[in-house]
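Peer 1: File start25.cif below, mmCIF, C-alpha atoms:
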```
data_data
loop_
_atom_site.group_PDB
_atom_site.id
_atom_site.type_symbol
_atom_site.label_atom_id
_atom_site.label_comp_id
_atom_site.auth_asym_id
_atom_site.auth_seq_id
_atom_site.Cartn_x
_atom_site.Cartn_y
_atom_site.Cartn_z
ATOM 1 C CA MET A 1008 0.000 0.000 0.000
ATOM 2 C CA LYS A 1009 1.296 3.467 -0.828
ATOM 3 C CA LEU A 1010 2.541 5.638 2.002
ATOM 4 C CA ILE A 1011 -0.047 8.380 1.524
ATOM 5 C CA ALA A 1012 -2.879 5.860 1.472
ATOM 6 C CA LYS A 1013 -1.613 4.327 4.694
ATOM 7 C CA LEU A 1014 -1.464 7.696 6.398
ATOM 8 C CA VAL A 1015 -4.877 8.750 5.189
ATOM 9 C CA THR A 1016 -6.424 5.548 6.528
ATOM 10 C CA GLY A 1017 -4.637 5.957 9.851
ATOM 11 C CA ALA A 1018 -5.826 9.534 10.156
ATOM 12 C CA ALA A 1019 -9.447 8.623 9.396
ATOM 13 C CA LEU A 1020 -9.287 10.716 6.219
ATOM 14 C CA SER A 1021 -10.348 9.541 2.791
ATOM 15 C CA ALA A 1022 -8.125 9.839 -0.264
ATOM 16 C CA MET A 1023 -10.697 12.292 -1.568
ATOM 17 C CA THR A 1024 -9.479 14.738 1.042
ATOM 18 C CA ILE A 1025 -6.468 15.377 -1.189
ATOM 19 C CA VAL A 1026 -7.864 17.225 -4.167
ATOM 20 C CA SER A 1027 -6.547 19.391 -6.954
ATOM 21 C CA ALA A 1028 -5.366 22.694 -5.532
ATOM 22 C CA ALA A 1029 -8.130 24.923 -6.847
ATOM 23 C CA ALA A 1030 -8.013 28.517 -5.698
ATOM 24 C CA GLU A 1031 -10.790 28.197 -3.151
ATOM 25 C CA ASP A 1032 -9.414 25.110 -1.461
ATOM 26 C CA ALA A 1033 -5.644 25.365 -1.958
ATOM 27 C CA ARG A 1034 -3.723 24.576 1.220
ATOM 28 C CA TYR A 1035 -0.132 25.723 1.001
ATOM 29 C CA ALA A 1036 2.889 23.990 2.494
ATOM 30 C CA TRP A 1037 6.631 24.657 2.451
ATOM 31 C CA TYR A 1038 9.010 21.827 3.243
ATOM 32 C CA ALA A 1039 12.800 21.687 3.650
ATOM 33 C CA SER A 1040 15.038 18.800 4.630
ATOM 34 C CA THR A 1041 16.353 19.994 7.994
ATOM 35 C CA VAL A 1042 17.848 22.973 9.856
ATOM 36 C CA HIS A 1043 20.267 25.042 7.715
ATOM 37 C CA PRO A 1044 21.051 28.783 7.450
ATOM 38 C CA TYR A 1045 19.946 28.767 3.806
ATOM 39 C CA PHE A 1046 16.476 27.549 4.745
ATOM 40 C CA ASP A 1047 16.230 30.293 7.373
ATOM 41 C CA GLU A 1048 16.677 32.863 4.627
ATOM 42 C CA VAL A 1049 14.230 31.126 2.283
ATOM 43 C CA GLN A 1050 11.539 31.176 4.952
ATOM 44 C CA LYS A 1051 11.694 34.985 4.987
ATOM 45 C CA GLY A 1052 10.432 34.950 1.407
ATOM 46 C CA VAL A 1053 7.642 32.528 2.316
ATOM 47 C CA ASP A 1054 6.599 34.738 5.223
ATOM 48 C CA LYS A 1055 6.534 37.834 2.997
ATOM 49 C CA PHE A 1056 4.318 35.994 0.502
ATOM 50 C CA SER A 1057 1.893 35.162 3.318
ATOM 51 C CA GLU A 1058 1.872 38.802 4.379
ATOM 52 C CA ASP A 1059 1.447 40.192 0.857
ATOM 53 C CA PHE A 1060 -1.313 37.816 -0.239
ATOM 54 C CA GLY A 1061 -3.028 37.051 3.058
ATOM 55 C CA VAL A 1062 -2.428 33.344 2.525
ATOM 56 C CA GLU A 1063 -1.448 30.908 5.259
ATOM 57 C CA VAL A 1064 1.548 28.689 4.524
ATOM 58 C CA THR A 1065 2.445 25.824 6.851
ATOM 59 C CA LYS A 1066 6.232 25.416 7.086
ATOM 60 C CA ARG A 1067 7.951 22.213 8.118
ATOM 61 C CA LEU A 1068 11.557 21.086 8.500
ATOM 62 C CA GLY A 1069 12.553 17.433 8.425
ATOM 63 C CA GLN A 1070 14.711 15.631 10.945
ATOM 64 C CA ASP A 1071 17.562 14.816 8.524
ATOM 65 C CA TRP A 1072 18.634 15.084 4.876
ATOM 66 C CA THR A 1073 17.427 11.647 3.807
ATOM 67 C CA GLN A 1074 14.756 11.144 1.175
ATOM 68 C CA ASP A 1075 13.055 8.521 3.354
ATOM 69 C CA ASN A 1076 12.511 11.122 6.068
ATOM 70 C CA GLN A 1077 11.143 13.576 3.522
ATOM 71 C CA ASN A 1078 8.834 10.954 2.021
ATOM 72 C CA GLU A 1079 7.288 10.200 5.393
ATOM 73 C CA ASN A 1080 6.857 13.813 6.451
ATOM 74 C CA VAL A 1081 5.515 15.160 3.164
ATOM 75 C CA ALA A 1082 3.148 12.215 2.740
ATOM 76 C CA ALA A 1083 1.785 12.902 6.228
ATOM 77 C CA MET A 1084 1.138 16.532 5.296
ATOM 78 C CA ALA A 1085 -0.598 15.513 2.077
ATOM 79 C CA ALA A 1086 -2.778 13.163 4.105
ATOM 80 C CA GLN A 1087 -3.775 16.153 6.218
ATOM 81 C CA GLY A 1088 -5.039 17.915 3.098
ATOM 82 C CA PHE A 1089 -2.128 20.081 2.004
ATOM 83 C CA ASN A 1090 -2.188 20.175 -1.781
ATOM 84 C CA ALA A 1091 0.184 22.946 -2.911
ATOM 85 C CA PHE A 1092 3.810 22.270 -1.922
ATOM 86 C CA SER A 1093 7.077 24.154 -2.284
ATOM 87 C CA ILE A 1094 9.735 21.517 -1.583
ATOM 88 C CA PHE A 1095 13.518 21.282 -1.421
ATOM 89 C CA PRO A 1096 14.011 17.702 -2.656
ATOM 90 C CA SER A 1097 16.408 15.841 -0.398
ATOM 91 C CA ASP A 1098 17.455 13.566 -3.270
ATOM 92 C CA VAL A 1099 17.008 14.920 -6.779
ATOM 93 C CA SER A 1100 16.489 11.420 -8.165
ATOM 94 C CA GLY A 1101 14.844 9.735 -5.190
ATOM 95 C CA ALA A 1102 12.179 12.405 -4.723
ATOM 96 C CA ARG A 1103 10.539 11.509 -8.015
ATOM 97 C CA GLY A 1104 8.639 8.567 -6.536
ATOM 98 C CA LEU A 1105 7.144 10.785 -3.828
ATOM 99 C CA TYR A 1106 6.226 13.437 -6.373
ATOM 100 C CA GLU A 1107 4.552 10.927 -8.671
ATOM 101 C CA GLU A 1108 2.423 9.679 -5.818
ATOM 102 C CA LEU A 1109 1.498 13.222 -4.803
ATOM 103 C CA ALA A 1110 0.622 14.144 -8.377
ATOM 104 C CA GLU A 1111 -1.714 11.179 -8.620
ATOM 105 C CA GLN A 1112 -3.618 12.710 -5.702
ATOM 106 C CA GLY A 1113 -3.896 16.096 -7.432
ATOM 107 C CA VAL A 1114 -1.135 17.773 -5.430
ATOM 108 C CA THR A 1115 0.818 20.607 -7.075
ATOM 109 C CA ILE A 1116 4.577 20.841 -6.456
ATOM 110 C CA VAL A 1117 7.220 23.486 -7.117
ATOM 111 C CA ASP A 1118 10.855 22.670 -6.351
ATOM 112 C CA PHE A 1119 13.058 25.285 -4.727
ATOM 113 C CA GLY A 1120 16.793 25.291 -4.110
ATOM 114 C CA GLN A 1121 17.544 22.221 -6.174
ATOM 115 C CA ALA A 1122 15.634 20.568 -8.984
ATOM 116 C CA THR A 1123 14.385 17.011 -9.202
ATOM 117 C CA LYS A 1124 15.731 15.253 -12.265
ATOM 118 C CA GLU A 1125 13.518 15.532 -15.297
ATOM 119 C CA PRO A 1126 11.065 14.241 -16.232
ATOM 120 C CA THR A 1127 9.476 15.303 -12.960
ATOM 121 C CA PRO A 1128 5.900 15.973 -11.787
ATOM 122 C CA ALA A 1129 7.126 19.260 -10.272
ATOM 123 C CA ALA A 1130 5.565 22.129 -12.209
ATOM 124 C CA PHE A 1131 8.613 24.387 -11.813
ATOM 125 C CA TYR A 1132 12.036 24.684 -10.262
ATOM 126 C CA VAL A 1133 13.015 28.020 -8.703
ATOM 127 C CA GLY A 1134 16.575 28.540 -7.582
ATOM 128 C CA THR A 1135 20.165 29.178 -8.533
ATOM 129 C CA GLN A 1136 21.524 27.804 -11.782
ATOM 130 C CA LEU A 1137 24.317 26.069 -9.937
ATOM 131 C CA LYS A 1138 26.785 25.432 -12.722
ATOM 132 C CA GLU A 1139 26.372 28.923 -14.149
ATOM 133 C CA ALA A 1140 26.821 30.535 -10.718
ATOM 134 C CA ALA A 1141 30.012 28.544 -10.150
ATOM 135 C CA MET A 1142 31.289 29.611 -13.556
ATOM 136 C CA LEU A 1143 30.607 33.278 -12.812
ATOM 137 C CA ALA A 1144 32.385 33.005 -9.443
ATOM 138 C CA THR A 1145 35.386 31.375 -11.101
ATOM 139 C CA GLU A 1146 35.581 34.122 -13.706
ATOM 140 C CA GLU A 1147 35.533 36.717 -10.911
ATOM 141 C CA LEU A 1148 38.268 34.868 -9.012
ATOM 142 C CA ILE A 1149 40.525 34.587 -12.042
ATOM 143 C CA LYS A 1150 39.996 38.276 -12.775
ATOM 144 C CA SER A 1151 41.111 39.129 -9.219
ATOM 145 C CA MET A 1152 44.201 36.923 -9.768
ATOM 146 C CA GLY A 1153 45.178 38.849 -12.876
ATOM 147 C CA GLY A 1154 44.300 35.990 -15.210
ATOM 148 C CA LYS A 1155 46.945 33.552 -14.020
ATOM 149 C CA GLY A 1156 47.936 31.375 -11.080
ATOM 150 C CA ASN A 1157 47.128 28.249 -9.090
ATOM 151 C CA ILE A 1158 43.727 27.550 -7.544
ATOM 152 C CA ILE A 1159 42.464 25.262 -4.800
ATOM 153 C CA ASN A 1160 38.871 24.237 -5.566
ATOM 154 C CA VAL A 1161 36.872 23.618 -2.384
ATOM 155 C CA LEU A 1162 33.619 21.650 -2.706
ATOM 156 C CA GLU A 1163 30.904 20.816 -0.200
ATOM 157 C CA VAL A 1164 29.099 17.497 0.301
ATOM 158 C CA PRO A 1165 28.997 14.935 -2.552
ATOM 159 C CA GLY A 1166 25.902 15.013 -4.746
ATOM 160 C CA ASP A 1167 24.454 16.329 -7.978
ATOM 161 C CA ASN A 1168 24.639 19.960 -6.865
ATOM 162 C CA THR A 1169 28.321 19.672 -6.014
ATOM 163 C CA ARG A 1170 29.028 17.845 -9.281
ATOM 164 C CA LEU A 1171 27.463 20.686 -11.296
ATOM 165 C CA ARG A 1172 29.472 23.269 -9.390
ATOM 166 C CA GLN A 1173 32.696 21.341 -9.909
ATOM 167 C CA GLU A 1174 31.981 21.075 -13.632
ATOM 168 C CA GLY A 1175 31.416 24.838 -13.775
ATOM 169 C CA VAL A 1176 34.698 25.658 -12.058
ATOM 170 C CA GLU A 1177 36.684 23.232 -14.199
ATOM 171 C CA GLU A 1178 35.155 24.452 -17.471
ATOM 172 C CA VAL A 1179 36.132 28.052 -16.765
ATOM 173 C CA VAL A 1180 39.660 27.153 -15.632
ATOM 174 C CA ALA A 1181 40.128 25.157 -18.842
ATOM 175 C CA LYS A 1182 39.713 28.391 -20.841
ATOM 176 C CA TYR A 1183 42.744 29.998 -19.205
ATOM 177 C CA PRO A 1184 46.118 28.471 -20.162
ATOM 178 C CA ASP A 1185 47.888 30.209 -17.270
ATOM 179 C CA VAL A 1186 45.433 29.028 -14.598
ATOM 180 C CA LYS A 1187 45.575 25.600 -12.968
ATOM 181 C CA ILE A 1188 43.641 23.760 -10.247
ATOM 182 C CA ILE A 1189 46.379 22.313 -8.044
ATOM 183 C CA GLN A 1190 44.084 20.576 -5.539
ATOM 184 C CA THR A 1191 40.408 19.813 -5.076
ATOM 185 C CA VAL A 1192 39.135 19.512 -1.504
ATOM 186 C CA GLY A 1193 35.712 17.963 -0.945
ATOM 187 C CA ASP A 1194 33.191 16.238 1.299
ATOM 188 C CA LEU A 1195 32.890 19.143 3.738
ATOM 189 C CA SER A 1196 29.771 18.863 5.867
ATOM 190 C CA SER A 1197 30.642 21.130 8.802
ATOM 191 C CA ILE A 1198 32.605 24.269 9.598
ATOM 192 C CA GLU A 1199 35.023 22.272 11.748
ATOM 193 C CA ASP A 1200 35.647 19.690 9.041
ATOM 194 C CA SER A 1201 36.070 22.435 6.448
ATOM 195 C CA VAL A 1202 38.603 24.325 8.570
ATOM 196 C CA GLU A 1203 40.708 21.213 9.131
ATOM 197 C CA LYS A 1204 40.762 20.057 5.500
ATOM 198 C CA VAL A 1205 41.359 23.508 4.044
ATOM 199 C CA GLN A 1206 44.143 24.206 6.558
ATOM 200 C CA ASN A 1207 45.808 20.971 5.450
ATOM 201 C CA ALA A 1208 45.463 21.962 1.798
ATOM 202 C CA ILE A 1209 46.995 25.394 2.419
ATOM 203 C CA ALA A 1210 49.880 23.838 4.357
ATOM 204 C CA ALA A 1211 50.524 21.299 1.598
ATOM 205 C CA ASN A 1212 50.642 23.998 -1.085
ATOM 206 C CA LEU A 1213 52.145 26.895 0.860
ATOM 207 C CA GLY A 1214 53.859 29.382 -1.424
ATOM 208 C CA ASN A 1215 52.120 27.937 -4.466
ATOM 209 C CA ILE A 1216 48.529 29.185 -3.998
ATOM 210 C CA ASP A 1217 47.195 32.229 -5.824
ATOM 211 C CA GLY A 1218 43.484 31.698 -5.325
ATOM 212 C CA MET A 1219 40.775 29.561 -3.750
ATOM 213 C CA ILE A 1220 37.160 29.081 -4.660
ATOM 214 C CA ALA A 1221 34.325 27.560 -2.641
ATOM 215 C CA THR A 1222 30.900 26.844 -4.110
ATOM 216 C CA GLY A 1223 29.174 25.734 -0.912
ATOM 217 C CA TYR A 1224 27.977 27.693 2.114
ATOM 218 C CA THR A 1225 29.874 25.763 4.804
ATOM 219 C CA PRO A 1226 33.375 25.858 3.241
ATOM 220 C CA THR A 1227 32.866 29.509 2.287
ATOM 221 C CA VAL A 1228 32.367 30.484 5.928
ATOM 222 C CA ALA A 1229 35.304 28.324 7.007
ATOM 223 C CA ILE A 1230 37.669 29.820 4.421
ATOM 224 C CA ALA A 1231 36.575 33.377 5.256
ATOM 225 C CA GLN A 1232 37.572 32.667 8.870
ATOM 226 C CA LEU A 1233 40.839 31.013 7.885
ATOM 227 C CA LEU A 1234 41.982 33.673 5.433
ATOM 228 C CA THR A 1235 41.086 36.468 7.841
ATOM 229 C CA GLU A 1236 43.410 34.946 10.431
ATOM 230 C CA TYR A 1237 46.037 33.999 7.842
ATOM 231 C CA HIS A 1238 46.265 37.478 6.311
ATOM 232 C CA GLU A 1239 46.138 39.240 9.684
ATOM 233 C CA ASN A 1240 49.169 37.174 10.702
ATOM 234 C CA GLY A 1241 51.140 38.246 7.639
ATOM 235 C CA GLY A 1242 50.395 35.351 5.309
ATOM 236 C CA GLU A 1243 50.896 35.910 1.580
ATOM 237 C CA ARG A 1244 47.867 37.103 -0.358
ATOM 238 C CA ILE A 1245 45.455 34.347 -1.391
ATOM 239 C CA HIS A 1246 42.502 35.517 -3.477
ATOM 240 C CA PHE A 1247 39.123 33.963 -2.703
ATOM 241 C CA TYR A 1248 35.546 33.873 -3.956
ATOM 242 C CA GLY A 1249 32.788 32.013 -2.144
ATOM 243 C CA ILE A 1250 29.017 31.752 -2.137
ATOM 244 C CA ASP A 1251 26.276 33.136 0.118
ATOM 245 C CA THR A 1252 26.376 36.097 2.447
ATOM 246 C CA ASP A 1253 27.013 34.905 5.989
ATOM 247 C CA ALA A 1254 28.089 37.737 8.289
ATOM 248 C CA VAL A 1255 31.562 36.180 8.638
ATOM 249 C CA VAL A 1256 31.969 36.312 4.859
ATOM 250 C CA LEU A 1257 30.775 39.913 4.555
ATOM 251 C CA ASP A 1258 33.080 41.003 7.384
ATOM 252 C CA ALA A 1259 36.030 39.374 5.600
ATOM 253 C CA ILE A 1260 35.172 41.242 2.394
ATOM 254 C CA ARG A 1261 34.927 44.563 4.223
ATOM 255 C CA ALA A 1262 38.293 43.950 5.883
ATOM 256 C CA GLY A 1263 39.896 43.060 2.545
ATOM 257 C CA HIS A 1264 40.809 39.483 3.474
ATOM 258 C CA ILE A 1265 38.703 37.914 0.703
ATOM 259 C CA ASP A 1266 37.728 39.301 -2.686
ATOM 260 C CA GLY A 1267 34.063 38.473 -2.862
ATOM 261 C CA THR A 1268 31.163 36.068 -2.736
ATOM 262 C CA MET A 1269 28.162 35.183 -4.849
ATOM 263 C CA ALA A 1270 24.900 36.319 -3.274
ATOM 264 C CA GLN A 1271 22.116 33.895 -4.079
ATOM 265 C CA ASN A 1272 18.485 34.946 -3.874
ATOM 266 C CA PRO A 1273 17.071 32.809 -1.040
ATOM 267 C CA PHE A 1274 14.276 35.330 -0.492
ATOM 268 C CA GLY A 1275 13.206 34.700 -4.084
ATOM 269 C CA HIS A 1276 13.571 30.940 -3.573
ATOM 270 C CA GLY A 1277 10.900 31.310 -0.898
ATOM 271 C CA TYR A 1278 8.636 33.951 -2.426
ATOM 272 C CA ILE A 1279 8.488 33.009 -6.117
ATOM 273 C CA PRO A 1280 7.406 29.335 -5.707
ATOM 274 C CA MET A 1281 4.517 30.380 -3.482
ATOM 275 C CA VAL A 1282 3.298 32.914 -6.058
ATOM 276 C CA LEU A 1283 3.535 30.208 -8.712
ATOM 277 C CA LEU A 1284 1.503 27.802 -6.572
ATOM 278 C CA LYS A 1285 -1.151 30.455 -6.037
ATOM 279 C CA LYS A 1286 -1.405 31.204 -9.744
ATOM 280 C CA LEU A 1287 -1.508 27.504 -10.624
ATOM 281 C CA SER A 1288 -4.396 27.103 -8.161
ATOM 282 C CA GLU A 1289 -6.195 29.903 -10.010
ATOM 283 C CA GLY A 1290 -6.074 28.070 -13.321
ATOM 284 C CA TYR A 1291 -2.769 29.173 -14.820
ATOM 285 C CA LYS A 1292 -0.660 26.515 -16.555
ATOM 286 C CA PRO A 1293 3.100 26.279 -17.118
ATOM 287 C CA ARG A 1294 4.123 27.417 -20.573
ATOM 288 C CA GLU A 1295 5.279 24.558 -22.767
ATOM 289 C CA GLY A 1296 9.015 23.957 -22.544
ATOM 290 C CA VAL A 1297 9.426 26.171 -19.463
ATOM 291 C CA HIS A 1298 10.380 24.567 -16.163
ATOM 292 C CA SER A 1299 13.463 26.139 -14.577
ATOM 293 C CA ILE A 1300 13.311 29.698 -13.230
ATOM 294 C CA ASP A 1301 16.687 31.236 -12.449
ATOM 295 C CA ALA A 1302 16.304 33.373 -9.316
ATOM 296 C CA GLY A 1303 19.694 34.907 -10.046
ATOM 297 C CA VAL A 1304 22.976 35.620 -8.281
ATOM 298 C CA VAL A 1305 24.874 38.857 -7.674
ATOM 299 C CA PRO A 1306 28.654 39.065 -7.177
ATOM 300 C CA VAL A 1307 29.371 40.880 -3.901
ATOM 301 C CA THR A 1308 32.621 42.777 -3.456
ATOM 302 C CA ALA A 1309 33.772 45.731 -1.367
ATOM 303 C CA ASP A 1310 32.357 47.986 -4.079
ATOM 304 C CA ASN A 1311 28.718 46.910 -3.686
ATOM 305 C CA ILE A 1312 28.604 45.249 -0.275
ATOM 306 C CA ASP A 1313 26.184 47.865 1.059
ATOM 307 C CA THR A 1314 23.905 47.917 -1.995
ATOM 308 C CA TYR A 1315 23.731 44.343 -3.345
ATOM 309 C CA GLN A 1316 20.482 43.624 -1.470
ATOM 310 C CA ALA A 1317 18.715 46.104 -3.730
ATOM 311 C CA ASP A 1318 19.986 44.167 -6.747
ATOM 312 C CA ILE A 1319 18.660 40.919 -5.249
ATOM 313 C CA SER A 1320 15.258 42.503 -4.622
ATOM 314 C CA ALA A 1321 15.186 43.726 -8.207
ATOM 315 C CA LEU A 1322 15.786 40.188 -9.465
ATOM 316 C CA THR A 1323 12.765 38.879 -7.549
ATOM 317 C CA LYS A 1324 10.527 41.738 -8.628
ATOM 318 C CA ASN A 1325 11.456 41.287 -12.275
ATOM 319 C CA ILE A 1326 10.612 37.575 -12.169
ATOM 320 C CA ILE A 1327 7.267 38.170 -10.432
ATOM 321 C CA ASP A 1328 6.386 40.921 -12.925
ATOM 322 C CA ASN A 1329 7.068 38.559 -15.834
ATOM 323 C CA LEU A 1330 5.517 35.313 -14.567
ATOM 324 C CA ASP A 1331 2.443 35.609 -16.789
ATOM 325 C CA SER A 1332 4.372 36.508 -19.940
ATOM 326 C CA LYS A 1333 7.363 34.169 -19.617
ATOM 327 C CA TYR A 1334 6.419 31.187 -17.460
ATOM 328 C CA LEU A 1335 2.629 30.836 -17.237
ATOM 329 C CA THR A 1336 -0.354 30.818 -19.554
ATOM 330 C CA ASN A 1337 -4.015 31.195 -18.645
#
```
Rewrite the structure of this file - the entire thing - as structure tokens.
Peer 2:
Amino acid sequence: MKLIAKLVTGAALSAMTIVSAAAEDARYAWYASTVHPYFDEVQKGVDKFSEDFGVEVTKRLGQDWTQDNQNENVAAMAAQGFNAFSIFPSDVSGARGLYEELAEQGVTIVDFGQATKEPTPAAFYVGTQLKEAAMLATEELIKSMGGKGNIINVLEVPGDNTRLRQEGVEEVVAKYPDVKIIQTVGDLSSIEDSVEKVQNAIAANLGNIDGMIATGYTPTVAIAQLLTEYHENGGERIHFYGIDTDAVVLDAIRAGHIDGTMAQNPFGHGYIPMVLLKKLSEGYKPREGVHSIDAGVVPVTADNIDTYQADISALTKNIIDNLDSKYLTN
């Protein structure tokens, strides 16, 4: 018996409780895998949607990153009658089975943050184009290095997202004959682990490092801390670009210890999917051939560190203003 059916029976609800998310009976839910600073920022966009549209959204976090945990929790919510979901899929391949079951029950889904592999029942994906963002960050790093030198490429946890980011970095480096990746550091799941492994990489390549790049939140924070201490103690200049805008990272940019970071649009990752779900409940349909919506990134340096938030807000506004003409049809 399918998981949703089991839960519905156990909750004394009929399968008919889960219906197509028409405007008058849409019940909105937002689900993320577990506690993470990124999800904190995304929830701000969800909350603003609720405020702007007067729509209640139930938000849930899972207990861990596994797809099994997500399957159980999301199925339980569907059994309670939620029928319009914005979800961060824990496993971009494994989530498909859950989505197919939800779709059979008339549930509408929009991915945020990372996209389930196509073909997928998810109506849209809203988030960062991961490979493209990594490529842009690498271009910025190489520019700060003067177009030549040795790079340490620092990755986060293994998975499809990390693979795309690695591909992006390597493709850009391959265009520059005087730039070389001398070491790749990976499988970094915590700040402590990141600090230890990156310290070891710096020690192993001391005197031979011109730049470092990190395409994950956790190693970016760790490297910002490390390079701040390293440069304050007289260490040779190592250029660095990261991702996301943790306070530690912004402080390091202001102090001149790192060159910059890529600001994602987590507010848009929260806000835009909810607007899409609302419009889909009102009878709009996805335009043919349109699935992925790039919420955008903005390079943050000392030059725009106090103004980049306005650029991020403009990205979200532009997407919302163009939903009907670019992504939806009525």
Peer 1: Quick check, in Å to one decimal: how far apart do CA of Leu1257 in chain A and CA of Val1305 in chain A lie?
Peer 2: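 Between these atoms lies a distance of 13.6 Å.
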Peer 1: Residues within 10 Å of Ala1110 in chain A, please, as a ChimeraX atom specification. Count only C-alpha atoms; anything in the same chain fewer than 2 positions from it doesn't count.
Peer 2: /A:1026-1027,1090,1104-1108,1112-1116,1128-1129
Peer 1: Would you list the contacts of range 1313-1318 of chain A as an NGL selection string, taking every protein, DNA or RNA residue within 10 Å and counting only C-alpha atoms, but skipping same-chain residues closer than 6 positions in sequence?
Peer 2: :A and (1257 or 1261 or 1270 or 1272 or 1303-1307 or 1324)
Peer 1: Grab the residues selected above and save them as an mmCIF file, keeping the file's coordinate frame with C-alpha atoms.
Peer 2:
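Saved as part05.cif:
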```cif
data_model
loop_
_atom_site.group_PDB
_atom_site.id
_atom_site.type_symbol
_atom_site.label_atom_id
_atom_site.label_comp_id
_atom_site.auth_asym_id
_atom_site.auth_seq_id
_atom_site.Cartn_x
_atom_site.Cartn_y
_atom_site.Cartn_z
ATOM 1 C CA LEU A 1257 30.775 39.913 4.555
ATOM 2 C CA ARG A 1261 34.927 44.563 4.223
ATOM 3 C CA ALA A 1270 24.900 36.319 -3.274
ATOM 4 C CA ASN A 1272 18.485 34.946 -3.874
ATOM 5 C CA GLY A 1303 19.694 34.907 -10.046
ATOM 6 C CA VAL A 1304 22.976 35.620 -8.281
ATOM 7 C CA VAL A 1305 24.874 38.857 -7.674
ATOM 8 C CA PRO A 1306 28.654 39.065 -7.177
ATOM 9 C CA VAL A 1307 29.371 40.880 -3.901
ATOM 10 C CA LYS A 1324 10.527 41.738 -8.628
#
```
Peer 1: Go through A:Pro1165, A:Gly1223, A:Pro1126, A:Gly1156 one by one, measure the shortest atom-to-atom distance of each to Tyr1045 in chain A using only C-alpha atoms, and give the residue with the smallest value.
Peer 2: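 Smallest separation from Tyr1045 in chain A among the options: A:Gly1223.
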Peer 1: So which residues touch Gln1074 in chain A within 7 Å, counting all atoms listed in the file, skipping near sequence neighbours fewer than 4 positions away, as a PyMOL selection string?
Peer 2: chain A and resi 1078+1097-1098+1101-1102
Peer 1: I'd like the residues picked by the PyMOL selection byres ((chain A and resi 1118) around 6) written out as a list of chain:residue names, using the chain letters and numbers from the file.
Peer 2: A:Ser1093, A:Ile1094, A:Phe1095, A:Val1117, A:Phe1119, A:Ala1122, A:Tyr1132
Peer 1: How about completing range 1035-1046 of chain A with N, CA and C atoms and giving it to me as a PDB file, in the frame of the given file?
Peer 2:
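Done, and the output landed in selection-v2.pdb:
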```pdb
ATOM      1  N   TYR A1035      -1.526  25.552   1.385  1.00  0.00           N
ATOM      2  CA  TYR A1035      -0.132  25.723   1.001  1.00  0.00           C
ATOM      3  C   TYR A1035       0.813  25.187   2.079  1.00  0.00           C
ATOM      4  N   ALA A1036       1.879  24.533   1.593  1.00  0.00           N
ATOM      5  CA  ALA A1036       2.889  23.990   2.494  1.00  0.00           C
ATOM      6  C   ALA A1036       4.276  24.247   1.914  1.00  0.00           C
ATOM      7  N   TRP A1037       5.213  24.490   2.801  1.00  0.00           N
ATOM      8  CA  TRP A1037       6.631  24.657   2.451  1.00  0.00           C
ATOM      9  C   TRP A1037       7.410  23.640   3.246  1.00  0.00           C
ATOM     10  N   TYR A1038       8.289  22.888   2.555  1.00  0.00           N
ATOM     11  CA  TYR A1038       9.010  21.827   3.243  1.00  0.00           C
ATOM     12  C   TYR A1038      10.485  21.852   2.843  1.00  0.00           C
ATOM     13  N   ALA A1039      11.360  21.787   3.866  1.00  0.00           N
ATOM     14  CA  ALA A1039      12.800  21.687   3.650  1.00  0.00           C
ATOM     15  C   ALA A1039      13.362  20.548   4.489  1.00  0.00           C
ATOM     16  N   SER A1040      14.522  20.054   4.082  1.00  0.00           N
ATOM     17  CA  SER A1040      15.038  18.800   4.630  1.00  0.00           C
ATOM     18  C   SER A1040      15.321  18.857   6.124  1.00  0.00           C
ATOM     19  N   THR A1041      16.019  19.897   6.577  1.00  0.00           N
ATOM     20  CA  THR A1041      16.353  19.994   7.994  1.00  0.00           C
ATOM     21  C   THR A1041      16.893  21.398   8.270  1.00  0.00           C
ATOM     22  N   VAL A1042      17.357  21.642   9.475  1.00  0.00           N
ATOM     23  CA  VAL A1042      17.848  22.973   9.856  1.00  0.00           C
ATOM     24  C   VAL A1042      19.097  23.330   9.035  1.00  0.00           C
ATOM     25  N   HIS A1043      19.109  24.545   8.467  1.00  0.00           N
ATOM     26  CA  HIS A1043      20.267  25.042   7.715  1.00  0.00           C
ATOM     27  C   HIS A1043      20.089  26.548   7.538  1.00  0.00           C
ATOM     28  N   PRO A1044      21.179  27.326   7.604  1.00  0.00           N
ATOM     29  CA  PRO A1044      21.051  28.783   7.450  1.00  0.00           C
ATOM     30  C   PRO A1044      20.365  29.197   6.149  1.00  0.00           C
ATOM     31  N   TYR A1045      20.601  28.454   5.082  1.00  0.00           N
ATOM     32  CA  TYR A1045      19.946  28.767   3.806  1.00  0.00           C
ATOM     33  C   TYR A1045      18.431  28.712   3.941  1.00  0.00           C
ATOM     34  N   PHE A1046      17.928  27.688   4.590  1.00  0.00           N
ATOM     35  CA  PHE A1046      16.476  27.549   4.745  1.00  0.00           C
ATOM     36  C   PHE A1046      15.905  28.670   5.621  1.00  0.00           C
TER      37      PHE A1046
END
```
